[in-house]
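So this one's model_21.cif, mmCIF, C-alpha atoms:
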```cif
data_model
loop_
_atom_site.label_atom_id
_atom_site.label_comp_id
_atom_site.auth_asym_id
_atom_site.auth_seq_id
_atom_site.Cartn_x
_atom_site.Cartn_y
_atom_site.Cartn_z
CA MET Y 285 113.48 113.04 84.12
CA ARG Y 286 115.67 113.78 87.12
CA ILE Y 287 114.94 111.46 90.04
CA LYS Y 288 115.45 112.90 93.53
CA THR Y 289 115.57 111.35 96.99
CA PHE Y 290 116.57 112.15 100.57
CA ARG Y 291 120.21 112.00 101.59
CA ILE Y 292 120.41 110.09 104.86
CA GLY Y 293 119.62 106.39 105.35
CA GLY Y 294 116.56 104.61 104.01
CA VAL Y 295 115.64 101.08 102.93
CA HIS Y 296 113.55 99.50 100.18
CA PRO Y 297 111.22 96.73 101.39
CA ASP Y 298 109.41 94.52 98.88
CA GLU Y 299 106.53 96.63 97.64
CA ASN Y 300 103.72 94.03 97.36
CA LYS Y 301 101.39 96.63 95.81
CA LEU Y 302 98.78 93.94 95.12
CA THR Y 303 95.96 96.45 94.59
CA HIS Y 304 97.84 99.00 92.45
CA GLU Y 305 95.48 98.74 89.48
CA VAL Y 306 92.31 97.78 91.37
CA ALA Y 307 89.74 100.56 90.93
CA THR Y 308 88.17 101.96 94.08
CA LYS Y 309 84.81 100.59 95.19
CA VAL Y 310 82.35 102.26 97.55
CA ALA Y 311 82.21 100.18 100.73
CA GLU Y 312 78.79 99.19 102.02
CA LEU Y 313 77.43 101.07 105.00
CA PRO Y 314 77.95 99.40 108.37
CA LYS Y 315 74.93 98.34 110.44
CA GLN Y 316 76.50 100.12 113.39
CA ALA Y 317 79.21 102.79 113.20
CA ILE Y 318 81.78 103.39 115.94
CA PHE Y 319 83.44 106.81 116.23
CA PRO Y 320 86.47 107.09 118.53
CA LEU Y 321 86.84 110.58 119.96
CA SER Y 322 90.63 110.42 119.47
CA GLN Y 323 91.13 110.29 115.70
CA HIS Y 324 93.87 112.92 115.63
CA ILE Y 325 96.97 114.13 117.45
CA GLY Y 326 95.99 116.34 120.36
CA ALA Y 327 93.07 116.54 122.77
CA PRO Y 328 90.17 114.11 122.19
CA ALA Y 329 86.98 115.59 120.76
CA LYS Y 330 84.03 116.16 123.11
CA ALA Y 331 80.69 114.50 122.34
CA VAL Y 332 77.84 116.93 121.57
CA VAL Y 333 75.19 114.23 121.07
CA LYS Y 334 73.54 111.87 123.53
CA LYS Y 335 71.82 108.51 123.45
CA GLY Y 336 68.66 108.59 121.35
CA ASP Y 337 69.65 111.62 119.23
CA LYS Y 338 68.93 111.41 115.49
CA VAL Y 339 71.82 112.25 113.17
CA LYS Y 340 72.40 112.55 109.44
CA VAL Y 341 75.48 112.04 107.31
CA GLY Y 342 77.56 115.14 108.06
CA THR Y 343 76.03 115.95 111.47
CA LEU Y 344 78.51 117.21 114.06
CA ILE Y 345 78.73 114.61 116.82
CA ALA Y 346 81.85 115.79 118.69
CA GLU Y 347 83.50 119.21 118.88
CA ALA Y 348 87.21 119.96 119.14
CA GLY Y 349 88.48 119.47 122.68
CA GLY Y 350 91.19 122.12 122.52
CA PHE Y 351 93.32 124.12 120.09
CA VAL Y 352 95.21 121.02 118.91
CA SER Y 353 92.11 118.95 118.25
CA ALA Y 354 89.49 118.38 115.55
CA PRO Y 355 85.72 117.92 115.42
CA ILE Y 356 84.13 114.62 114.35
CA TYR Y 357 81.11 114.25 112.09
CA SER Y 358 78.77 111.34 111.60
CA SER Y 359 79.38 109.35 108.43
CA VAL Y 360 75.96 107.71 108.66
CA SER Y 361 72.35 108.60 109.39
CA GLY Y 362 70.53 106.96 112.26
CA THR Y 363 70.21 107.01 116.03
CA VAL Y 364 72.91 107.42 118.66
CA PHE Y 365 72.94 104.04 120.40
CA LYS Y 366 75.27 104.99 123.25
CA ILE Y 367 78.40 106.85 124.31
CA ASP Y 368 80.78 104.21 125.59
CA THR Y 369 84.35 102.96 125.40
CA ALA Y 370 85.78 100.52 122.86
CA ILE Y 371 89.17 99.15 121.82
CA ASP Y 372 90.80 101.21 119.07
CA ALA Y 373 93.85 100.48 116.90
CA THR Y 374 96.20 101.20 119.83
CA GLY Y 375 94.69 98.31 121.82
CA TYR Y 376 93.36 100.56 124.58
CA ARG Y 377 89.74 101.26 125.43
CA LYS Y 378 88.91 104.83 124.44
CA PRO Y 379 85.69 106.92 124.47
CA VAL Y 380 83.50 106.33 121.41
CA ILE Y 381 80.12 107.31 120.01
CA ILE Y 382 78.13 104.36 118.63
CA ILE Y 383 75.41 105.02 116.06
CA ASN Y 384 72.84 102.53 114.74
CA VAL Y 385 72.58 103.08 110.98
CA GLU Y 386 69.17 103.85 109.47
CA GLY Y 387 69.13 104.78 105.78
CA ASP Y 388 71.55 107.26 104.25
CA GLU Y 389 70.20 110.78 104.73
CA TRP Y 390 72.72 113.61 104.25
CA GLU Y 391 72.85 117.11 105.67
CA GLU Y 392 71.48 119.49 103.04
CA THR Y 393 74.44 121.87 103.41
CA ILE Y 394 76.76 119.37 101.68
CA ASP Y 395 77.17 119.88 97.92
CA ARG Y 396 76.93 116.35 96.46
CA SER Y 397 77.22 117.44 92.81
CA GLU Y 398 80.09 116.24 90.60
CA LYS Y 399 80.86 119.76 89.31
CA LEU Y 400 84.52 120.68 89.73
CA GLU Y 401 84.86 123.94 91.62
CA THR Y 402 88.01 125.99 91.02
CA LEU Y 403 89.61 128.75 93.04
CA ALA Y 404 89.22 131.21 90.16
CA GLU Y 405 85.43 130.85 90.45
CA HIS Y 406 85.48 131.72 94.17
CA PRO Y 407 87.21 135.06 94.82
CA GLU Y 408 85.41 135.22 98.17
CA LEU Y 409 87.73 132.51 99.51
CA THR Y 410 90.29 134.49 101.47
CA PRO Y 411 93.16 132.65 103.20
CA GLU Y 412 91.35 133.08 106.52
CA GLU Y 413 88.09 131.67 105.15
CA ILE Y 414 89.88 128.66 103.66
CA VAL Y 415 91.58 127.90 106.99
CA ASN Y 416 88.28 128.32 108.84
CA ARG Y 417 86.43 125.89 106.56
CA ILE Y 418 89.24 123.33 106.88
CA LYS Y 419 89.14 123.67 110.68
CA THR Y 420 85.35 123.47 110.85
CA ALA Y 421 85.26 120.34 108.63
CA GLY Y 422 87.60 118.43 110.95
CA VAL Y 423 90.26 117.82 108.31
CA THR Y 424 93.39 116.13 109.67
CA GLY Y 425 96.50 114.64 108.11
CA MET Y 426 95.36 111.61 106.09
CA GLY Y 427 98.74 109.91 105.88
CA GLY Y 428 98.37 108.34 109.32
CA ALA Y 429 99.69 110.94 111.80
CA GLY Y 430 96.37 112.78 112.07
CA PHE Y 431 97.67 116.28 112.82
CA PRO Y 432 94.90 118.89 112.51
CA THR Y 433 95.45 120.47 109.07
CA PHE Y 434 94.51 124.05 109.95
CA ILE Y 435 97.37 124.30 112.47
CA LYS Y 436 99.98 123.65 109.78
CA LEU Y 437 98.51 126.53 107.80
CA CYS Y 438 98.97 128.93 110.73
CA PRO Y 439 102.73 128.74 111.40
CA PRO Y 440 104.32 130.51 114.39
CA PRO Y 441 105.51 134.11 113.85
CA THR Y 442 109.12 132.90 113.85
CA ALA Y 443 108.56 130.77 110.71
CA LYS Y 444 107.61 131.79 107.18
CA ALA Y 445 106.15 129.36 104.65
CA GLU Y 446 107.63 129.46 101.15
CA CYS Y 447 105.99 126.44 99.55
CA VAL Y 448 103.46 123.63 99.99
CA ILE Y 449 104.66 120.08 99.34
CA ILE Y 450 102.03 117.44 98.57
CA ASN Y 451 103.09 114.03 99.88
CA ALA Y 452 101.99 111.63 97.14
CA VAL Y 453 104.81 109.18 97.91
CA GLU Y 454 102.98 106.23 99.53
CA CYS Y 455 106.25 104.43 100.24
CA GLU Y 456 104.75 101.89 102.71
CA PRO Y 457 104.56 98.37 101.23
CA TYR Y 458 101.10 97.06 100.24
CA ILE Y 459 99.20 100.38 100.47
CA THR Y 460 97.73 101.84 97.25
CA ALA Y 461 94.86 104.05 98.50
CA ASP Y 462 96.69 107.31 97.71
CA TYR Y 463 97.66 106.06 94.26
CA ARG Y 464 94.07 105.20 93.37
CA LEU Y 465 92.93 108.57 94.72
CA MET Y 466 95.47 110.30 92.48
CA MET Y 467 94.39 108.37 89.40
CA GLU Y 468 90.69 108.92 90.05
CA HIS Y 469 90.57 112.48 91.45
CA ALA Y 470 93.58 114.37 90.10
CA ASP Y 471 91.61 117.54 89.32
CA GLU Y 472 90.19 117.84 92.83
CA ILE Y 473 93.64 117.23 94.36
CA LEU Y 474 95.12 120.05 92.27
CA VAL Y 475 92.35 122.44 93.39
CA GLY Y 476 93.08 121.29 96.94
CA LEU Y 477 96.72 122.24 96.40
CA ASP Y 478 95.63 125.66 95.10
CA LEU Y 479 93.57 126.14 98.25
CA LEU Y 480 96.43 125.08 100.52
CA MET Y 481 98.83 127.45 98.73
CA LYS Y 482 96.41 130.36 99.05
CA ALA Y 483 95.75 129.56 102.72
CA ALA Y 484 99.51 129.42 103.38
CA LYS Y 485 100.05 132.60 101.32
CA VAL Y 486 102.68 131.01 99.06
CA ASP Y 487 102.93 130.82 95.29
CA LYS Y 488 104.91 127.60 94.90
CA GLY Y 489 103.64 124.04 95.22
CA TYR Y 490 105.35 120.68 94.73
CA ILE Y 491 103.87 117.20 94.29
CA GLY Y 492 106.31 114.45 95.26
CA ILE Y 493 105.58 111.06 93.65
CA GLU Y 494 107.81 107.96 93.73
CA ASP Y 495 108.85 106.63 90.32
CA ASN Y 496 107.07 103.32 90.91
CA LYS Y 497 103.92 105.27 90.00
CA PRO Y 498 104.77 106.35 86.42
CA LYS Y 499 101.11 106.74 85.42
CA ALA Y 500 100.49 109.15 88.28
CA ILE Y 501 103.60 111.17 87.42
CA GLU Y 502 102.54 111.36 83.79
CA LEU Y 503 98.96 112.34 84.71
CA PHE Y 504 99.96 115.15 87.07
CA GLU Y 505 102.66 116.45 84.75
CA ALA Y 506 100.08 116.68 81.96
CA LYS Y 507 97.58 118.49 84.19
CA THR Y 508 100.15 120.98 85.52
CA ALA Y 509 101.90 121.64 82.19
CA GLY Y 510 102.26 125.37 81.73
CA ASN Y 511 101.58 126.13 85.41
CA PRO Y 512 104.71 127.85 86.74
CA HIS Y 513 103.47 127.61 90.32
CA VAL Y 514 103.26 123.80 90.57
CA GLU Y 515 106.06 121.30 89.99
CA VAL Y 516 105.75 117.50 89.92
CA VAL Y 517 108.86 115.93 91.49
CA ALA Y 518 109.73 112.32 90.61
CA LEU Y 519 111.33 110.54 93.56
CA ALA Y 520 113.39 107.36 93.80
CA LYS Y 521 111.84 104.29 95.44
CA LYS Y 522 113.09 104.53 98.99
CA TYR Y 523 111.42 104.19 102.39
CA PRO Y 524 110.59 106.31 104.46
CA GLN Y 525 110.39 108.98 101.75
CA GLY Y 526 106.87 109.82 102.91
CA GLY Y 527 108.24 111.10 106.22
CA GLU Y 528 107.90 114.90 106.34
CA LYS Y 529 111.56 115.60 106.96
CA GLN Y 530 112.73 113.12 104.32
CA LEU Y 531 110.29 114.53 101.75
CA VAL Y 532 111.41 118.11 102.40
CA ASP Y 533 115.03 117.03 101.92
CA ALA Y 534 114.21 115.16 98.72
CA VAL Y 535 112.09 117.90 97.13
CA ILE Y 536 113.74 121.20 98.12
CA ARG Y 537 117.08 120.00 99.51
CA ARG Y 538 116.59 121.46 102.97
CA GLN Y 539 117.04 119.45 106.15
CA VAL Y 540 114.69 120.08 109.05
CA PRO Y 541 116.58 120.40 112.37
CA ALA Y 542 115.83 118.24 115.41
CA PRO Y 543 112.57 118.74 117.37
CA PRO Y 544 110.95 121.05 118.19
CA ALA Y 545 111.75 122.22 114.62
CA ILE Y 546 109.11 121.36 111.99
CA PRO Y 547 109.14 121.62 108.16
CA VAL Y 548 107.81 125.19 108.13
CA ASN Y 549 110.99 126.24 109.96
CA VAL Y 550 112.78 125.64 106.64
CA GLY Y 551 109.93 127.12 104.59
CA ALA Y 552 107.83 124.04 103.75
CA ILE Y 553 104.29 123.01 104.65
CA VAL Y 554 103.77 119.29 103.93
CA GLN Y 555 100.30 117.84 103.34
CA ASN Y 556 99.31 114.33 102.29
CA VAL Y 557 97.61 113.90 98.93
CA GLY Y 558 94.50 112.59 100.70
CA THR Y 559 94.50 115.72 102.83
CA ALA Y 560 94.56 117.89 99.68
CA PHE Y 561 91.48 116.01 98.43
CA ALA Y 562 89.74 116.42 101.81
CA VAL Y 563 90.57 120.15 101.74
CA TYR Y 564 88.92 120.47 98.32
CA GLN Y 565 85.77 118.75 99.61
CA ALA Y 566 85.71 120.75 102.85
CA VAL Y 567 86.18 124.17 101.24
CA MET Y 568 84.42 123.77 97.89
CA LYS Y 569 81.69 121.27 98.79
CA ARG Y 570 81.17 122.07 102.49
CA LYS Y 571 81.73 118.38 103.13
CA PRO Y 572 83.16 117.44 106.54
CA LEU Y 573 85.76 114.68 106.76
CA PHE Y 574 83.76 111.51 107.35
CA GLU Y 575 85.01 109.08 104.69
CA ARG Y 576 88.35 108.17 103.17
CA TYR Y 577 90.17 105.97 100.65
CA THR Y 578 91.47 102.79 102.31
CA THR Y 579 93.34 99.74 100.97
CA VAL Y 580 92.37 96.26 102.21
CA THR Y 581 95.12 93.83 101.28
CA GLY Y 582 97.24 90.79 102.06
CA LYS Y 583 98.94 87.98 100.15
CA GLN Y 584 96.28 85.45 101.17
CA ILE Y 585 93.26 87.76 100.90
CA ALA Y 586 91.08 86.43 98.07
CA ASN Y 587 90.09 89.76 96.52
CA PRO Y 588 92.18 92.61 97.91
CA GLY Y 589 90.98 96.06 96.92
CA ASN Y 590 90.68 99.79 97.49
CA PHE Y 591 87.56 101.25 99.07
CA LEU Y 592 85.90 104.57 99.77
CA VAL Y 593 84.97 103.89 103.38
CA ARG Y 594 82.78 105.77 105.84
CA MET Y 595 84.47 106.38 109.19
CA GLY Y 596 83.24 104.02 111.85
CA THR Y 597 83.11 100.96 109.57
CA PRO Y 598 84.63 97.92 111.37
CA PHE Y 599 87.66 96.16 109.86
CA GLN Y 600 85.73 92.88 109.83
CA GLN Y 601 83.25 94.25 107.29
CA LEU Y 602 86.02 95.36 104.92
CA ILE Y 603 87.84 92.03 105.17
CA ASP Y 604 84.56 90.21 104.49
CA ALA Y 605 84.10 92.38 101.38
CA CYS Y 606 87.44 91.04 100.13
CA GLY Y 607 86.54 87.37 100.61
CA GLY Y 608 86.92 87.02 104.36
CA MET Y 609 89.81 86.14 106.63
CA PRO Y 610 91.91 83.26 105.24
CA GLU Y 611 92.48 80.07 107.20
CA GLY Y 612 95.42 79.92 109.60
CA ASP Y 613 97.19 82.43 111.80
CA HIS Y 614 97.40 86.02 110.66
CA LYS Y 615 98.27 89.47 111.91
CA VAL Y 616 95.92 92.34 110.99
CA LEU Y 617 97.42 95.81 110.87
CA ALA Y 618 95.88 99.26 110.88
CA GLY Y 619 98.27 100.66 108.28
CA GLY Y 620 101.19 99.04 106.48
CA PRO Y 621 103.81 96.53 107.69
CA MET Y 622 106.46 99.16 108.47
CA MET Y 623 104.53 101.59 110.68
CA GLY Y 624 101.10 100.00 111.09
CA LYS Y 625 99.76 98.77 114.42
CA ALA Y 626 98.56 95.20 114.96
CA VAL Y 627 94.94 95.28 116.12
CA MET Y 628 93.50 93.12 118.88
CA SER Y 629 90.02 92.93 117.38
CA LEU Y 630 88.40 93.18 113.96
CA ASP Y 631 85.73 95.36 115.57
CA VAL Y 632 88.24 98.24 115.40
CA PRO Y 633 86.71 100.94 113.15
CA VAL Y 634 88.17 102.86 110.23
CA CYS Y 635 89.22 106.34 111.40
CA LYS Y 636 90.57 109.46 109.72
CA GLY Y 637 94.11 108.04 109.60
CA THR Y 638 93.29 104.48 108.47
CA ASN Y 639 94.95 104.28 105.06
CA SER Y 640 95.07 100.48 105.02
CA VAL Y 641 93.88 97.26 106.61
CA THR Y 642 96.78 94.86 105.97
CA VAL Y 643 96.57 91.13 106.68
CA LEU Y 644 99.99 89.51 107.12
CA SER Y 645 100.17 85.74 106.83
CA GLY Y 646 102.70 82.97 107.47
CA ASP Y 647 106.28 84.06 108.12
CA ASP Y 648 105.37 87.68 107.42
CA ALA Y 649 103.20 87.67 110.54
CA LEU Y 650 105.83 86.19 112.84
CA ARG Y 651 108.84 87.71 114.53
CA LYS Y 652 112.15 86.02 113.85
CA LYS Y 653 114.13 84.73 116.83
CA GLU Y 654 116.20 87.51 118.38
CA GLN Y 655 119.97 86.96 118.29
CA PRO Y 656 122.94 88.87 119.74
CA CYS Y 657 123.96 92.10 118.00
CA ILE Y 658 126.80 91.42 115.53
CA ARG Y 659 127.95 95.08 115.44
CA CYS Y 660 127.28 95.36 111.71
CA ALA Y 661 125.96 98.96 111.95
CA LYS Y 662 123.28 98.32 109.32
CA CYS Y 663 120.75 100.04 111.57
CA VAL Y 664 122.95 103.16 111.64
CA SER Y 665 123.23 103.19 107.85
CA ALA Y 666 119.47 102.73 107.45
CA CYS Y 667 118.33 105.40 109.94
CA PRO Y 668 116.93 108.36 107.95
CA MET Y 669 117.40 110.66 110.94
CA GLY Y 670 121.13 109.94 111.32
CA LEU Y 671 120.70 108.32 114.74
CA GLU Y 672 122.34 105.24 116.29
CA PRO Y 673 119.40 102.86 116.80
CA TYR Y 674 121.43 100.08 118.46
CA LEU Y 675 122.53 102.57 121.14
CA LEU Y 676 119.09 104.15 121.63
CA SER Y 677 117.56 100.67 121.95
CA THR Y 678 120.09 99.63 124.57
CA LEU Y 679 119.74 102.85 126.54
CA SER Y 680 115.94 102.50 126.50
CA SER Y 681 115.98 98.88 127.65
CA MET Y 682 118.35 99.84 130.49
CA LYS Y 683 116.17 102.88 131.38
CA GLU Y 684 119.07 105.28 130.80
CA TYR Y 685 116.64 108.01 129.76
CA GLU Y 686 118.92 111.00 130.44
CA ARG Y 687 121.57 109.59 128.10
CA ALA Y 688 118.88 108.64 125.56
CA GLU Y 689 117.72 112.27 125.51
CA GLN Y 690 121.31 113.42 124.96
CA GLU Y 691 121.57 110.99 122.04
CA ASP Y 692 118.51 112.67 120.46
CA ILE Y 693 115.97 109.87 120.85
CA VAL Y 694 113.15 112.41 120.36
CA SER Y 695 114.20 112.75 116.69
CA CYS Y 696 113.21 109.12 115.98
CA ILE Y 697 110.26 109.01 113.54
CA SER Y 698 109.40 105.35 114.33
CA CYS Y 699 109.80 104.35 110.68
CA GLY Y 700 111.14 100.88 111.54
CA SER Y 701 114.03 101.00 109.05
CA CYS Y 702 116.47 99.92 111.77
CA GLN Y 703 114.46 96.90 112.85
CA PHE Y 704 113.74 95.95 109.22
CA THR Y 705 117.41 95.89 108.29
CA CYS Y 706 118.78 94.17 111.43
CA PRO Y 707 120.19 90.70 110.51
CA ALA Y 708 119.98 89.68 114.18
CA HIS Y 709 116.23 90.43 114.27
CA ARG Y 710 116.58 92.59 117.35
CA PRO Y 711 113.45 94.54 118.42
CA LEU Y 712 115.24 97.88 118.13
CA LEU Y 713 112.21 100.03 117.39
CA ASP Y 714 110.13 98.43 120.16
CA HIS Y 715 112.64 99.56 122.79
CA ILE Y 716 113.17 102.97 121.17
CA VAL Y 717 109.42 103.74 121.05
CA LEU Y 718 109.07 102.97 124.76
CA GLY Y 719 112.21 104.95 125.59
CA LYS Y 720 111.10 107.94 123.52
CA ALA Y 721 107.74 108.00 125.31
CA GLU Y 722 109.49 108.08 128.69
CA VAL Y 723 111.87 110.84 127.57
CA MET Y 724 108.97 112.91 126.22
CA ASN Y 725 107.20 112.56 129.59
CA ILE Y 726 110.35 113.72 131.36
CA ILE Y 727 110.66 116.73 129.03
CA ARG Y 728 106.99 117.69 129.53
CA ALA Y 729 107.35 117.45 133.31
CA ARG Y 730 110.49 119.55 133.20
CA ASN Y 731 108.82 122.22 131.04
CA ALA Y 732 105.78 122.31 133.34
CA LYS Y 733 108.03 123.40 136.21
CA LYS Y 734 109.42 126.38 134.29
#
```
What do you get writing this file as structure tokens?
Amino acid sequence: MRIKTFRIGGVHPDENKLTHEVATKVAELPKQAIFPLSQHIGAPAKAVVKKGDKVKVGTLIAEAGGFVSAPIYSSVSGTVFKIDTAIDATGYRKPVIIINVEGDEWEETIDRSEKLETLAEHPELTPEEIVNRIKTAGVTGMGGAGFPTFIKLCPPPTAKAECVIINAVECEPYITADYRLMMEHADEILVGLDLLMKAAKVDKGYIGIEDNKPKAIELFEAKTAGNPHVEVVALAKKYPQGGEKQLVDAVIRRQVPAPPAIPVNVGAIVQNVGTAFAVYQAVMKRKPLFERYTTVTGKQIANPGNFLVRMGTPFQQLIDACGGMPEGDHKVLAGGPMMGKAVMSLDVPVCKGTNSVTVLSGDDALRKKEQPCIRCAKCVSACPMGLEPYLLSTLSSMKEYERAEQEDIVSCISCGSCQFTCPAHRPLLDHIVLGKAEVMNIIRARNAKK
């Protein structure tokens, strides 16, 4: 088996895949579900329900707020308690819909049968119909970024898709939700890939899986044997291989240029493995995106596990299901330790992009004392985008935004490889993220004047 990987930078943190072989459980319904209206990149959704309205599982509660946006559906049945604001994973108060849960009544349009539907059985599914069902169901990228899926399937006229790449890498430490999904729903994922390929009008699909998941590689190779249109690609263990640009480089040996270029500019459409599963459910089962696979983990968590969770379920409930919060000081992340965000409250709900609730304890939860830069250039070697993180960090902290733009700060993917590898424990990424945000604002203002 030939092992591939991307060519620039990368690191390999300790994996700590504590829940790798823990079968997925269905999480209990919350007593009250909280639905942020910003669960995706782009404009927030707009509420279409009001206080006192009755809803079912699968009822539309918020419509897309623009072209780059996605609708939101209730994951529970009950009564709309209020439309308010609440703290989300970013730490800011954002508009939310709060629903008091009463029973578990589903919309009748959703096919809840276990029968596997295949593309061959549904010739009526044209590319346009597939894209429309994906859009209507509110499917977004499930790897964390939350980009509306239908937009990727409608590339600009200047770009032509040649293949679909399924991101089954899951290179973040601790997280195993995608792995369990692959082991438990391989057939549905492969139909999802078929649907994505037909929607994108391509006849080649790849599934990239890191070689620390040999069972998944073996399973998907067995299920795609004899299929000339789908290739399983074994990848070396290296972070951030799940980044779109790194995955494209690893799988088809093409490097995506700097923004505004995207993978489809070199012929690839990249979709997370969880997105492929959601596409299958949306198109074949008429099931909107209102639940997802999520890992709940941490070295001091008594019973870490993987869960099928309804959106709107608070983190506290999931941690309680794993034995509760351990004694002492901890940091709770929405996501993994490399790119996850520390949350201010355990009332934060699971959203479309919540692939993990990670509890860091002890030294793992604390920053090391910052020391002077020793000019070792480890951050430069680690950067998968070929940038100079020490320079971008300095320019950002000194508010030299024009120079930071010239040094291509907008290409940073916020993977944290630089900060992870720095022996002086300098907060490189912290400064770069702030600097990139300022540069992006400057670029938007400049473009608005044109």
Open item on the list: the PyMOL selection byres ((chain Y and resi 460) around 9) - which residues does that actually catch in the file I just gave you? List them as a PyMOL selection string.
Closed with: chain Y and resi 301-306+454+456-459+461-465+578-579+589-590+639-640
TODO: Please measure the separation of CA of Cys606 in chain Y and CA of Gln565 in chain Y, giving the value in Å to one decimal.
DONE: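 Taking CA of Cys606 in chain Y and CA of Gln565 in chain Y, their separation equals 27.8 Å.
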Given the file above and the PyMOL selection byres ((chain Y and resi 681-686) around 12), which residues are selected, and can you give them as a compact mmCIF listing (two decimals) with C-alpha atoms, keeping the file's coordinate frame?
```txt
# COMPACT_ATOMS: atom_id res chain seq x y z
CA TYR Y 674 121.43 100.08 118.46
CA LEU Y 675 122.53 102.57 121.14
CA LEU Y 676 119.09 104.15 121.63
CA SER Y 677 117.56 100.67 121.95
CA THR Y 678 120.09 99.63 124.57
CA LEU Y 679 119.74 102.85 126.54
CA SER Y 680 115.94 102.50 126.50
CA ARG Y 687 121.57 109.59 128.10
CA ALA Y 688 118.88 108.64 125.56
CA GLU Y 689 117.72 112.27 125.51
CA GLN Y 690 121.31 113.42 124.96
CA GLU Y 691 121.57 110.99 122.04
CA ASP Y 692 118.51 112.67 120.46
CA ILE Y 693 115.97 109.87 120.85
CA VAL Y 694 113.15 112.41 120.36
CA PRO Y 711 113.45 94.54 118.42
CA LEU Y 712 115.24 97.88 118.13
CA LEU Y 713 112.21 100.03 117.39
CA ASP Y 714 110.13 98.43 120.16
CA HIS Y 715 112.64 99.56 122.79
CA ILE Y 716 113.17 102.97 121.17
CA VAL Y 717 109.42 103.74 121.05
CA LEU Y 718 109.07 102.97 124.76
CA GLY Y 719 112.21 104.95 125.59
CA LYS Y 720 111.10 107.94 123.52
CA ALA Y 721 107.74 108.00 125.31
CA GLU Y 722 109.49 108.08 128.69
CA VAL Y 723 111.87 110.84 127.57
CA MET Y 724 108.97 112.91 126.22
CA ASN Y 725 107.20 112.56 129.59
CA ILE Y 726 110.35 113.72 131.36
CA ILE Y 727 110.66 116.73 129.03
```
Open item on the list: Would you compute the distance between CA of Ile383 in chain Y and CA of Asp631 in chain Y? Give it in Å to one decimal.
Closed with: 14.1 Å
Counting only C-alpha atoms, which residues of range 508-549 of chain Y fall within 10 Å of range 494-501 of chain Y, and what is the closest atom pair for each with its distance in Å at one decimal, ordered by chain and rising number, as a Markdown table?
```
| residue | atom | partner | partner_atom | distance |
| --- | --- | --- | --- | --- |
| Y:Val516 | CA | Y:Ile501 | CA | 7.1 |
| Y:Val517 | CA | Y:Ile501 | CA | 8.2 |
| Y:Ala518 | CA | Y:Glu494 | CA | 5.7 |
| Y:Leu519 | CA | Y:Glu494 | CA | 4.4 |
| Y:Ala520 | CA | Y:Glu494 | CA | 5.6 |
| Y:Lys521 | CA | Y:Glu494 | CA | 5.7 |
| Y:Lys522 | CA | Y:Glu494 | CA | 8.2 |
| Y:Gln525 | CA | Y:Glu494 | CA | 8.5 |
| Y:Gly526 | CA | Y:Glu494 | CA | 9.4 |
```
TODO: On this file, the PyMOL selection byres ((chain Y and resi 418) around 8) gives some set of residues; write that set as a count of residues only.
DONE: 14
Near range 334-358 of chain Y, 6 Å: range 375-467 of chain Y residue rows, closest pairs, all atoms listed in the file, as CSV:
```
residue,atom,partner,partner_atom,distance
Y:Glu389,CA,Y:Lys340,CA,5.5
Y:Trp390,CA,Y:Val341,CA,4.4
Y:Glu391,CA,Y:Gly342,CA,5.6
Y:Gly422,CA,Y:Pro355,CA,4.9
```
- [ ] Would you work out the distance separating CA of Ile697 in chain Y from CA of Pro441 in chain Y, expressed in Å to one decimal?
- [x]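 These atoms are spaced 25.5 Å apart.
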Task: Nearest residue to Ser361 in chain Y from the set Y:Arg538, Y:Cys455, Y:Arg594, Y:Pro633 (distances using only C-alpha atoms) - done: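 For Ser361 in chain Y, the nearest of the given residues is Y:Arg594.
Comparing the minimum interatomic distances between Arg659 in chain Y and each of Y:Ala445, Y:Ile287, Y:Cys706, Y:Val550, counting only C-alpha atoms, we find that Y:Cys706 sits nearest.
The residue that comes closest to Glu446 in chain Y, out of Y:Thr369, Y:Asn549, Y:Ser359, Y:Thr402 and on the basis of only C-alpha atoms, is Y:Asn549.
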- [ ] Identify which of the residues Y:Lys653, Y:Lys399, Y:Ile546, Y:Ala509 lies closest to Gly527 in chain Y, counting all atoms listed in the file when measuring atom-to-atom distances.
- [x]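 Checking each of Y:Lys653, Y:Lys399, Y:Ile546, Y:Ala509 against Gly527 in chain Y, counting all atoms listed in the file, the winner is Y:Ile546.
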Cut-off 10 Å: closest range 598-703 of chain Y/range 427-432 of chain Y atom pairs per residue, using all atoms listed in the file, as a Markdown table:
```
| residue | atom | partner | partner_atom | distance |
| --- | --- | --- | --- | --- |
| Y:Ala618 | CA | Y:Gly428 | CA | 9.5 |
| Y:Gly619 | CA | Y:Gly428 | CA | 7.8 |
| Y:Met623 | CA | Y:Gly428 | CA | 9.2 |
| Y:Gly624 | CA | Y:Gly428 | CA | 9.0 |
| Y:Cys635 | CA | Y:Gly428 | CA | 9.6 |
| Y:Lys636 | CA | Y:Gly430 | CA | 7.1 |
| Y:Gly637 | CA | Y:Gly428 | CA | 4.3 |
| Y:Thr638 | CA | Y:Gly428 | CA | 6.4 |
| Y:Asn639 | CA | Y:Gly428 | CA | 6.8 |
| Y:Ser640 | CA | Y:Gly428 | CA | 9.5 |
```
- [ ] Would you list the contacts of Glu515 in chain Y as an MDAnalysis selection string, taking every protein, DNA or RNA residue within 10 Å and counting only C-alpha atoms, but skipping same-chain residues closer than 5 positions in sequence?
- [x] chainID Y and resid 449 488:492 504:505 508:510 535
Task: Sel. within 8 Å of pt (81.6, 95.2, 107.5), counting only C-alpha atoms, output as a count of residues only - done: 13
